[in-house]
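Report on the following structure.
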Amino acid sequence: MKTLSQLFVIVAITLSSCLQPLWAADAPARPNFILYLTDDISASDFGCYGSEVVQTPNVDRMAREGMLFSRAYLTTSSCSPSRCSIITSRYPHNTGASELHTPLPADQYMFPQALKESGYYTVLAGKNHMGPAVQQAFDEVVGGRGPGGQENWRQLLQDRPQDKPFFGWFASYDAHRSWSIDDKAAVYDPDQVEVPPYLFDGPKTRQDLADYYHEVSRSDYYLGELRKELERQGVADNTYIIYISDNGRPFPRCKTRLYDSGIRTPLVVFGPKVARGKKSDSLASVIDIGPTVLELAGVKSDPRIQGVSFTSVLEDPQSVVRDYAFAEHNWHVYQAHERMVRTGDWLYIRNAFPERMNLSVEAKRYPAAQELWQQYHEGNLKPEQMDVMQQPRAAEELYHVVDDPHQLHNLAAEAKHAATLARLRGVLDTWTRQTCDDVPETPTPDRPQGAKIGHQPGGIMPGIASGAPDCNHPGPVRHADLESSREP
């Protein structure tokens with residue numbers, strides 16, 4: 001028979017356990033997460049996405065053991081705006097940081113912060129490029145070591161608190177220019193590279209692509225190192241790994257652009273509730289990553305999130321959570337304002353500044369671009385290689401992506417596609433209105449040649465005048481959303 005004091009101890013222990021935060025009761029079972037974010041890599045430059053040259057055995061293994069998304073899209077193909085969009089789960093013009101080198105405002109929502117507040121240990125390692133405000137979302141912010149910023153990542157996993165689930169935002173500098181070659185990946189023969197049809201097939205371009213391939217493979221090597229450490233610690237089976245890039249390869253008609261070469265991202269997911277060895281053709285956006293992670297972690301979503309969770313797709317690759325993916329191209333050294341919608345087999349682009357050439361920092365600065373312009377002046381380019389020289393440009397572009405995977409044949413002027421064009425105009429109009437987007441009356445001007453690197457002062461970013469940073473509407477996600485948005 002228990003004494004009164006023994007009964008008091010039992011009651012106290014019982015009450016104490018009941019009053020613990022809900023997450024603490026099942027902390028050992030809560031999944032871990034690694035978001036591996038590469039820099040400037042197009043989806044087609046992986047073995048699992050069809051490359052016959054680039055060696056990516058660890059990403060390929062993830063695709064075999066997890067799920068590969070064939071139609072995953074970024075919201076912008078520009079470094080810092082893309083990262084700010086991913087961490088907030090919001091469109092670039094809604095973050096208040098829609099243009100290159102603009103820091104994220106401190107009052108914006110960040111999904112890693114919600115994980116941190118729910119008991120996760122959160123760490124950002126490697127490239128930040130979102131500004132100082134993101135530090136509040138992480139227990140630790142650590143710069144990278146080595147040419148790609150990945151050499152200290154395994155040590156960070158080893159040194160993490162062992163009594164908490166963890167979320168790691170591991171962001172490499174690979175494959176951002178300038179190139180650096182080391183012993184962590186293959187060195188490629190320029191004669192073996194795959195030159196896309198919109199680039200000139202010459203020696204400078206081939207060498208440029210070969211060096212870029214090396215950095216793609218190096219990002220893959222460090223993915224393998226992370227998996228080794230997870231397996232060594234015995235937590236691999238309870239960890240989700242999400243592999244993506246912030247924008248397309250840093251070559252003409254790729255980075256900053258709204259074609260698949262710039263805006264389609266690799267998205268490969270491995271984890272405990274992911275169907276093994278499956279490919280999903282379901283449409284996905286990078287702003288869907290945040291709500292997906294939160295749902296898998298058992299953390300409540302937030303009304304400021306504009307993305308949708310794709311956890312149902314992870315279990316069933318045929319599941320559909322969105323019918324539309326949207327993206328934007330804003331100032332990136334050069335003035336720009338383009339908007340894109342991807343749905344079904346179609347991709348539609350609207351250009352607010354068709355009188356301007358569509359240039360980015362890569363336009364004339366690096367070998368592949370230099371060779372492209374040299375051959376242009378010598379009259380040696382094919383029509384599909386002259387995109388960056390067009391002035392004026394088309395105000396509207398329409399592509400059937402299945403028949404035209406590189407988006408080289410604009411169908412916007414063809415009468416037989418008039419109904420499709422009108423429909424996608426309407427979709428983009430609805431998204432523009434609902435997400436409070438706009439075309440600034442005084443847009444940010446081009447950065448003068450030789451000016452200090454940074455955001456160019458003197459203009460207004462898209463959406464600022466319309467109150468977009470305080471606008472939370474996601475725009476149309478499913479076809480039914482579009483129907484319900486029509487005025488009576």
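Each chain in the structure tokens gets a letter, A, B and so on, in the order shown; residues start at 1 in every chain, and ligands are counted from 1 in the order they appear.
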
Picked from stretch 10-184 of chain A by DSSP as strand (DSSP E), as a list of chain:residue names: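 Selecting the strand (DSSP E) positions of stretch 10-184 of chain A gives A:Asn32, A:Phe33, A:Ile34, A:Leu35, A:Tyr36, A:Leu37, A:Thr38, A:Met67, A:Leu68, A:Phe69, A:Ala72, A:Tyr73, A:Tyr121, A:Thr122, A:Val123, A:Leu124, A:Ala125, A:Gly126, A:Glu140, A:Val141, A:Val142, A:Phe166, A:Phe167, A:Gly168, A:Trp169, A:Phe170, A:Ala171.
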
Stretch 58-64 of chain A surroundings by only C-alpha atoms, 7 Å radius, close-in-sequence under 3 positions cut, as JSON, numbers by chain: {"A": [47, 48, 67, 68, 220, 221, 223, 224, 268, 270, 276, 277]}

Interatomic distance, atom CA of A:Arg257 to atom CA of A:Ile34 (Å, one decimal): 27.4 Å

12 Å contact set for A:Asn380, only C-alpha atoms, chain neighbours under 4 positions out, as a ChimeraX atom specification: /A:199-202,371-376,384-386

Spatial neighbours of stretch 69-81 of chain A, max dist 8 Å, only C-alpha atoms, sep filter under 2 positions, as a PyMOL selection string: chain A and resi 39-40+49+67+83-85+91-92+97-103+129-130+246-248+255-258+262-268+279-287+325-329+332

Spatial neighbours of A:Asn358, 12 Å, only C-alpha atoms, chain gap at least 2 places, as a PyMOL selection string: chain A and resi 252-258+329-338+351-356+360-363+386-395+446

Residue nearest A:Val141 among A:Glu65, A:Phe46, A:Gly126, A:Gln158 (counting only C-alpha atoms):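 Looking only at the distances to A:Val141, the closest residue turns out to be A:Gly126.
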
Close residues, A:Glu215 itself excluded, 10 Å, only C-alpha atoms, min 6 positions apart in chain, as an mmCIF file with all heavy atoms, in the first residue's frame:
```
data_model
loop_
_atom_site.group_PDB
_atom_site.id
_atom_site.type_symbol
_atom_site.label_atom_id
_atom_site.label_comp_id
_atom_site.auth_asym_id
_atom_site.auth_seq_id
_atom_site.Cartn_x
_atom_site.Cartn_y
_atom_site.Cartn_z
ATOM 1 N N ASP A 39 22.702 26.192 -56.273
ATOM 2 C CA ASP A 39 22.729 27.534 -56.852
ATOM 3 C C ASP A 39 22.939 27.442 -58.362
ATOM 4 O O ASP A 39 23.974 26.941 -58.815
ATOM 5 C CB ASP A 39 23.880 28.311 -56.200
ATOM 6 C CG ASP A 39 23.716 29.812 -56.304
ATOM 7 O OD1 ASP A 39 22.729 30.267 -56.881
ATOM 8 O OD2 ASP A 39 24.590 30.531 -55.784
ATOM 9 N N ILE A 41 21.350 25.723 -61.085
ATOM 10 C CA ILE A 41 21.395 24.430 -61.770
ATOM 11 C C ILE A 41 20.039 24.149 -62.403
ATOM 12 O O ILE A 41 19.010 24.227 -61.734
ATOM 13 C CB ILE A 41 21.771 23.278 -60.812
ATOM 14 C CG1 ILE A 41 23.138 23.533 -60.178
ATOM 15 C CG2 ILE A 41 21.779 21.949 -61.544
ATOM 16 C CD1 ILE A 41 23.591 22.444 -59.216
ATOM 17 N N PRO A 147 35.024 25.496 -51.703
ATOM 18 C CA PRO A 147 34.562 26.257 -52.873
ATOM 19 C C PRO A 147 33.053 26.240 -53.055
ATOM 20 O O PRO A 147 32.479 27.195 -53.570
ATOM 21 C CB PRO A 147 35.271 25.570 -54.051
ATOM 22 C CG PRO A 147 35.657 24.219 -53.543
ATOM 23 C CD PRO A 147 35.935 24.404 -52.082
ATOM 24 N N GLY A 148 32.389 25.164 -52.624
ATOM 25 C CA GLY A 148 30.939 25.098 -52.737
ATOM 26 C C GLY A 148 30.219 25.357 -51.433
ATOM 27 O O GLY A 148 28.985 25.308 -51.374
ATOM 28 N N TYR A 173 27.082 26.899 -52.868
ATOM 29 C CA TYR A 173 27.437 27.883 -53.886
ATOM 30 C C TYR A 173 27.568 27.212 -55.246
ATOM 31 O O TYR A 173 27.665 27.901 -56.264
ATOM 32 C CB TYR A 173 28.746 28.584 -53.518
ATOM 33 C CG TYR A 173 28.618 29.500 -52.334
ATOM 34 C CD1 TYR A 173 28.895 29.053 -51.052
ATOM 35 C CD2 TYR A 173 28.195 30.813 -52.487
ATOM 36 C CE1 TYR A 173 28.771 29.893 -49.950
ATOM 37 C CE2 TYR A 173 28.064 31.669 -51.394
ATOM 38 C CZ TYR A 173 28.351 31.188 -50.131
ATOM 39 O OH TYR A 173 28.218 32.024 -49.038
ATOM 40 N N ASP A 174 27.602 25.915 -55.290
ATOM 41 C CA ASP A 174 27.607 25.182 -56.551
ATOM 42 C C ASP A 174 26.207 25.208 -57.143
ATOM 43 O O ASP A 174 25.225 24.958 -56.435
ATOM 44 C CB ASP A 174 28.003 23.710 -56.318
ATOM 45 C CG ASP A 174 29.455 23.547 -55.907
ATOM 46 O OD1 ASP A 174 30.269 24.424 -56.249
ATOM 47 O OD2 ASP A 174 29.764 22.545 -55.240
ATOM 48 N N ALA A 175 26.023 25.555 -58.416
ATOM 49 C CA ALA A 175 27.054 25.780 -59.405
ATOM 50 C C ALA A 175 27.048 27.236 -59.871
ATOM 51 O O ALA A 175 26.853 27.532 -61.029
ATOM 52 C CB ALA A 175 26.799 24.860 -60.594
ATOM 53 N N HIS A 176 27.271 28.154 -58.934
ATOM 54 C CA HIS A 176 27.340 29.573 -59.274
ATOM 55 C C HIS A 176 28.727 29.899 -59.810
ATOM 56 O O HIS A 176 29.721 29.368 -59.332
ATOM 57 C CB HIS A 176 27.037 30.412 -58.033
ATOM 58 C CG HIS A 176 26.729 31.841 -58.321
ATOM 59 N ND1 HIS A 176 27.692 32.761 -58.684
ATOM 60 C CD2 HIS A 176 25.548 32.523 -58.293
ATOM 61 C CE1 HIS A 176 27.124 33.949 -58.868
ATOM 62 N NE2 HIS A 176 25.821 33.827 -58.634
ATOM 63 N N ARG A 177 28.773 30.768 -60.801
ATOM 64 C CA ARG A 177 30.070 31.226 -61.284
ATOM 65 C C ARG A 177 30.770 32.041 -60.201
ATOM 66 O O ARG A 177 30.112 32.627 -59.349
ATOM 67 C CB ARG A 177 29.878 32.094 -62.540
ATOM 68 C CG ARG A 177 29.306 31.336 -63.735
ATOM 69 C CD ARG A 177 29.060 32.287 -64.886
ATOM 70 N NE ARG A 177 28.454 31.628 -66.011
ATOM 71 C CZ ARG A 177 29.133 31.014 -66.993
ATOM 72 N NH1 ARG A 177 30.448 30.986 -66.961
ATOM 73 N NH2 ARG A 177 28.491 30.446 -68.001
ATOM 74 N N TRP A 179 33.831 29.324 -61.807
ATOM 75 C CA TRP A 179 34.044 27.902 -61.585
ATOM 76 C C TRP A 179 35.306 27.653 -60.758
ATOM 77 O O TRP A 179 36.291 28.394 -60.837
ATOM 78 C CB TRP A 179 34.180 27.165 -62.911
ATOM 79 C CG TRP A 179 33.139 27.498 -63.936
ATOM 80 C CD1 TRP A 179 33.360 27.835 -65.243
ATOM 81 C CD2 TRP A 179 31.716 27.494 -63.765
ATOM 82 N NE1 TRP A 179 32.175 28.053 -65.889
ATOM 83 C CE2 TRP A 179 31.140 27.855 -65.006
ATOM 84 C CE3 TRP A 179 30.869 27.238 -62.691
ATOM 85 C CZ2 TRP A 179 29.768 27.956 -65.195
ATOM 86 C CZ3 TRP A 179 29.504 27.338 -62.870
ATOM 87 C CH2 TRP A 179 28.957 27.693 -64.109
ATOM 88 N N SER A 180 35.259 26.590 -59.976
ATOM 89 C CA SER A 180 36.441 26.121 -59.251
ATOM 90 C C SER A 180 36.463 24.600 -59.351
ATOM 91 O O SER A 180 35.451 23.943 -59.096
ATOM 92 C CB SER A 180 36.394 26.560 -57.780
ATOM 93 O OG SER A 180 35.228 26.065 -57.145
ATOM 94 N N ILE A 181 37.595 24.065 -59.718
ATOM 95 C CA ILE A 181 37.730 22.628 -59.948
ATOM 96 C C ILE A 181 38.533 22.016 -58.794
ATOM 97 O O ILE A 181 39.592 22.532 -58.417
ATOM 98 C CB ILE A 181 38.451 22.337 -61.287
ATOM 99 C CG1 ILE A 181 37.776 23.108 -62.431
ATOM 100 C CG2 ILE A 181 38.464 20.855 -61.575
ATOM 101 C CD1 ILE A 181 36.330 22.763 -62.666
ATOM 102 N N ASP A 182 38.003 20.931 -58.216
ATOM 103 C CA ASP A 182 38.739 20.223 -57.178
ATOM 104 C C ASP A 182 38.587 18.723 -57.388
ATOM 105 O O ASP A 182 38.177 18.270 -58.459
ATOM 106 C CB ASP A 182 38.299 20.666 -55.780
ATOM 107 C CG ASP A 182 36.838 20.341 -55.472
ATOM 108 O OD1 ASP A 182 36.210 19.577 -56.247
ATOM 109 O OD2 ASP A 182 36.315 20.827 -54.458
ATOM 110 N N LYS A 184 36.582 16.573 -55.823
ATOM 111 C CA LYS A 184 35.343 16.010 -55.282
ATOM 112 C C LYS A 184 34.350 15.589 -56.367
ATOM 113 O O LYS A 184 33.260 15.096 -56.062
ATOM 114 C CB LYS A 184 34.670 17.030 -54.349
ATOM 115 C CG LYS A 184 35.491 17.376 -53.112
ATOM 116 C CD LYS A 184 35.741 16.138 -52.255
ATOM 117 C CE LYS A 184 36.384 16.466 -50.923
ATOM 118 N NZ LYS A 184 37.759 16.961 -51.054
ATOM 119 N N ALA A 185 34.704 15.811 -57.625
ATOM 120 C CA ALA A 185 33.770 15.458 -58.697
ATOM 121 C C ALA A 185 34.542 15.251 -59.991
ATOM 122 O O ALA A 185 35.720 15.607 -60.111
ATOM 123 C CB ALA A 185 32.719 16.545 -58.878
ATOM 124 N N ALA A 186 33.849 14.683 -60.965
ATOM 125 C CA ALA A 186 34.457 14.392 -62.263
ATOM 126 C C ALA A 186 34.851 15.681 -62.984
ATOM 127 O O ALA A 186 34.215 16.722 -62.824
ATOM 128 C CB ALA A 186 33.473 13.595 -63.122
ATOM 129 N N VAL A 187 35.905 15.587 -63.767
ATOM 130 C CA VAL A 187 36.287 16.661 -64.680
ATOM 131 C C VAL A 187 35.857 16.216 -66.070
ATOM 132 O O VAL A 187 36.232 15.130 -66.531
ATOM 133 C CB VAL A 187 37.805 16.932 -64.628
ATOM 134 C CG1 VAL A 187 38.185 17.976 -65.667
ATOM 135 C CG2 VAL A 187 38.216 17.378 -63.229
ATOM 136 N N TYR A 221 28.059 15.154 -54.860
ATOM 137 C CA TYR A 221 28.991 14.482 -53.953
ATOM 138 C C TYR A 221 28.649 14.797 -52.498
ATOM 139 O O TYR A 221 28.618 13.905 -51.641
ATOM 140 C CB TYR A 221 30.428 14.924 -54.262
ATOM 141 C CG TYR A 221 31.428 14.520 -53.193
ATOM 142 C CD1 TYR A 221 31.966 13.239 -53.170
ATOM 143 C CD2 TYR A 221 31.813 15.425 -52.199
ATOM 144 C CE1 TYR A 221 32.869 12.866 -52.178
ATOM 145 C CE2 TYR A 221 32.707 15.064 -51.211
ATOM 146 C CZ TYR A 221 33.240 13.785 -51.206
ATOM 147 O OH TYR A 221 34.119 13.417 -50.216
#
```

Between atom CA of A:Arg342 and atom CA of A:Arg433 - distance in Å to one decimal: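 The value is 17.4 Å.
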
Residue with smallest distance to A:Arg206 - pool A:Gly271, A:Pro112, A:Pro190, A:Pro476, counting only C-alpha atoms: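 Under the stated criterion, the closest residue is A:Pro190.
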
Top pick for closest residue to A:Thr205, considering A:Pro448, A:Gln108, A:Arg304, A:Gln370 and counting only C-alpha atoms: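 Using only C-alpha atoms, the shortest distance to A:Thr205 belongs to A:Gln370.
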
Distance criterion (only C-alpha atoms): nearest to A:Val401 out of A:Ile305, A:Asp345, A:Glu315, A:Glu52: A:Asp345

Atomic separation - atom CA of A:Gly144 relative to atom CA of A:Gln207, Å: 26.9 Å

Please identify all polymer residues within 10 Å of A:Leu156, counting only C-alpha atoms, omitting same-chain residues fewer than 6 positions from it, and present them as a compact mmCIF listing (two decimals) with N, CA, C and O atoms, in the first residue's frame.
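selection.txt written:
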```txt
# COMPACT_ATOMS: atom_id res chain seq x y z
N VAL A 123 19.03 25.05 -38.58
CA VAL A 123 20.34 25.58 -38.94
C VAL A 123 20.35 25.94 -40.42
O VAL A 123 19.79 25.21 -41.26
N LEU A 124 20.95 27.07 -40.73
CA LEU A 124 21.21 27.48 -42.11
C LEU A 124 22.71 27.44 -42.31
O LEU A 124 23.45 28.08 -41.57
N ALA A 125 23.16 26.70 -43.32
CA ALA A 125 24.59 26.56 -43.57
C ALA A 125 24.88 26.82 -45.04
O ALA A 125 24.16 26.34 -45.92
N GLU A 140 20.99 28.51 -35.58
CA GLU A 140 22.39 28.71 -35.97
C GLU A 140 22.45 29.05 -37.44
O GLU A 140 21.78 28.41 -38.26
N VAL A 142 25.44 29.51 -40.24
CA VAL A 142 26.86 29.21 -40.38
C VAL A 142 27.28 29.40 -41.83
O VAL A 142 26.62 28.89 -42.75
N GLY A 168 17.56 21.29 -41.46
CA GLY A 168 18.77 21.87 -42.01
C GLY A 168 18.52 22.50 -43.36
O GLY A 168 18.06 21.83 -44.29
```

All alpha helix (DSSP H) positions in stretch 50-157 of chain A, as a PyMOL selection string: chain A and resi 57-65+79-88+92-95+111-117+153-157

Residue nearest A:Asn238 among A:Pro469, A:Pro405, A:Pro197, A:Pro272 (counting only C-alpha atoms):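 Ranking A:Pro469, A:Pro405, A:Pro197, A:Pro272 by distance to A:Asn238, first place goes to A:Pro272.
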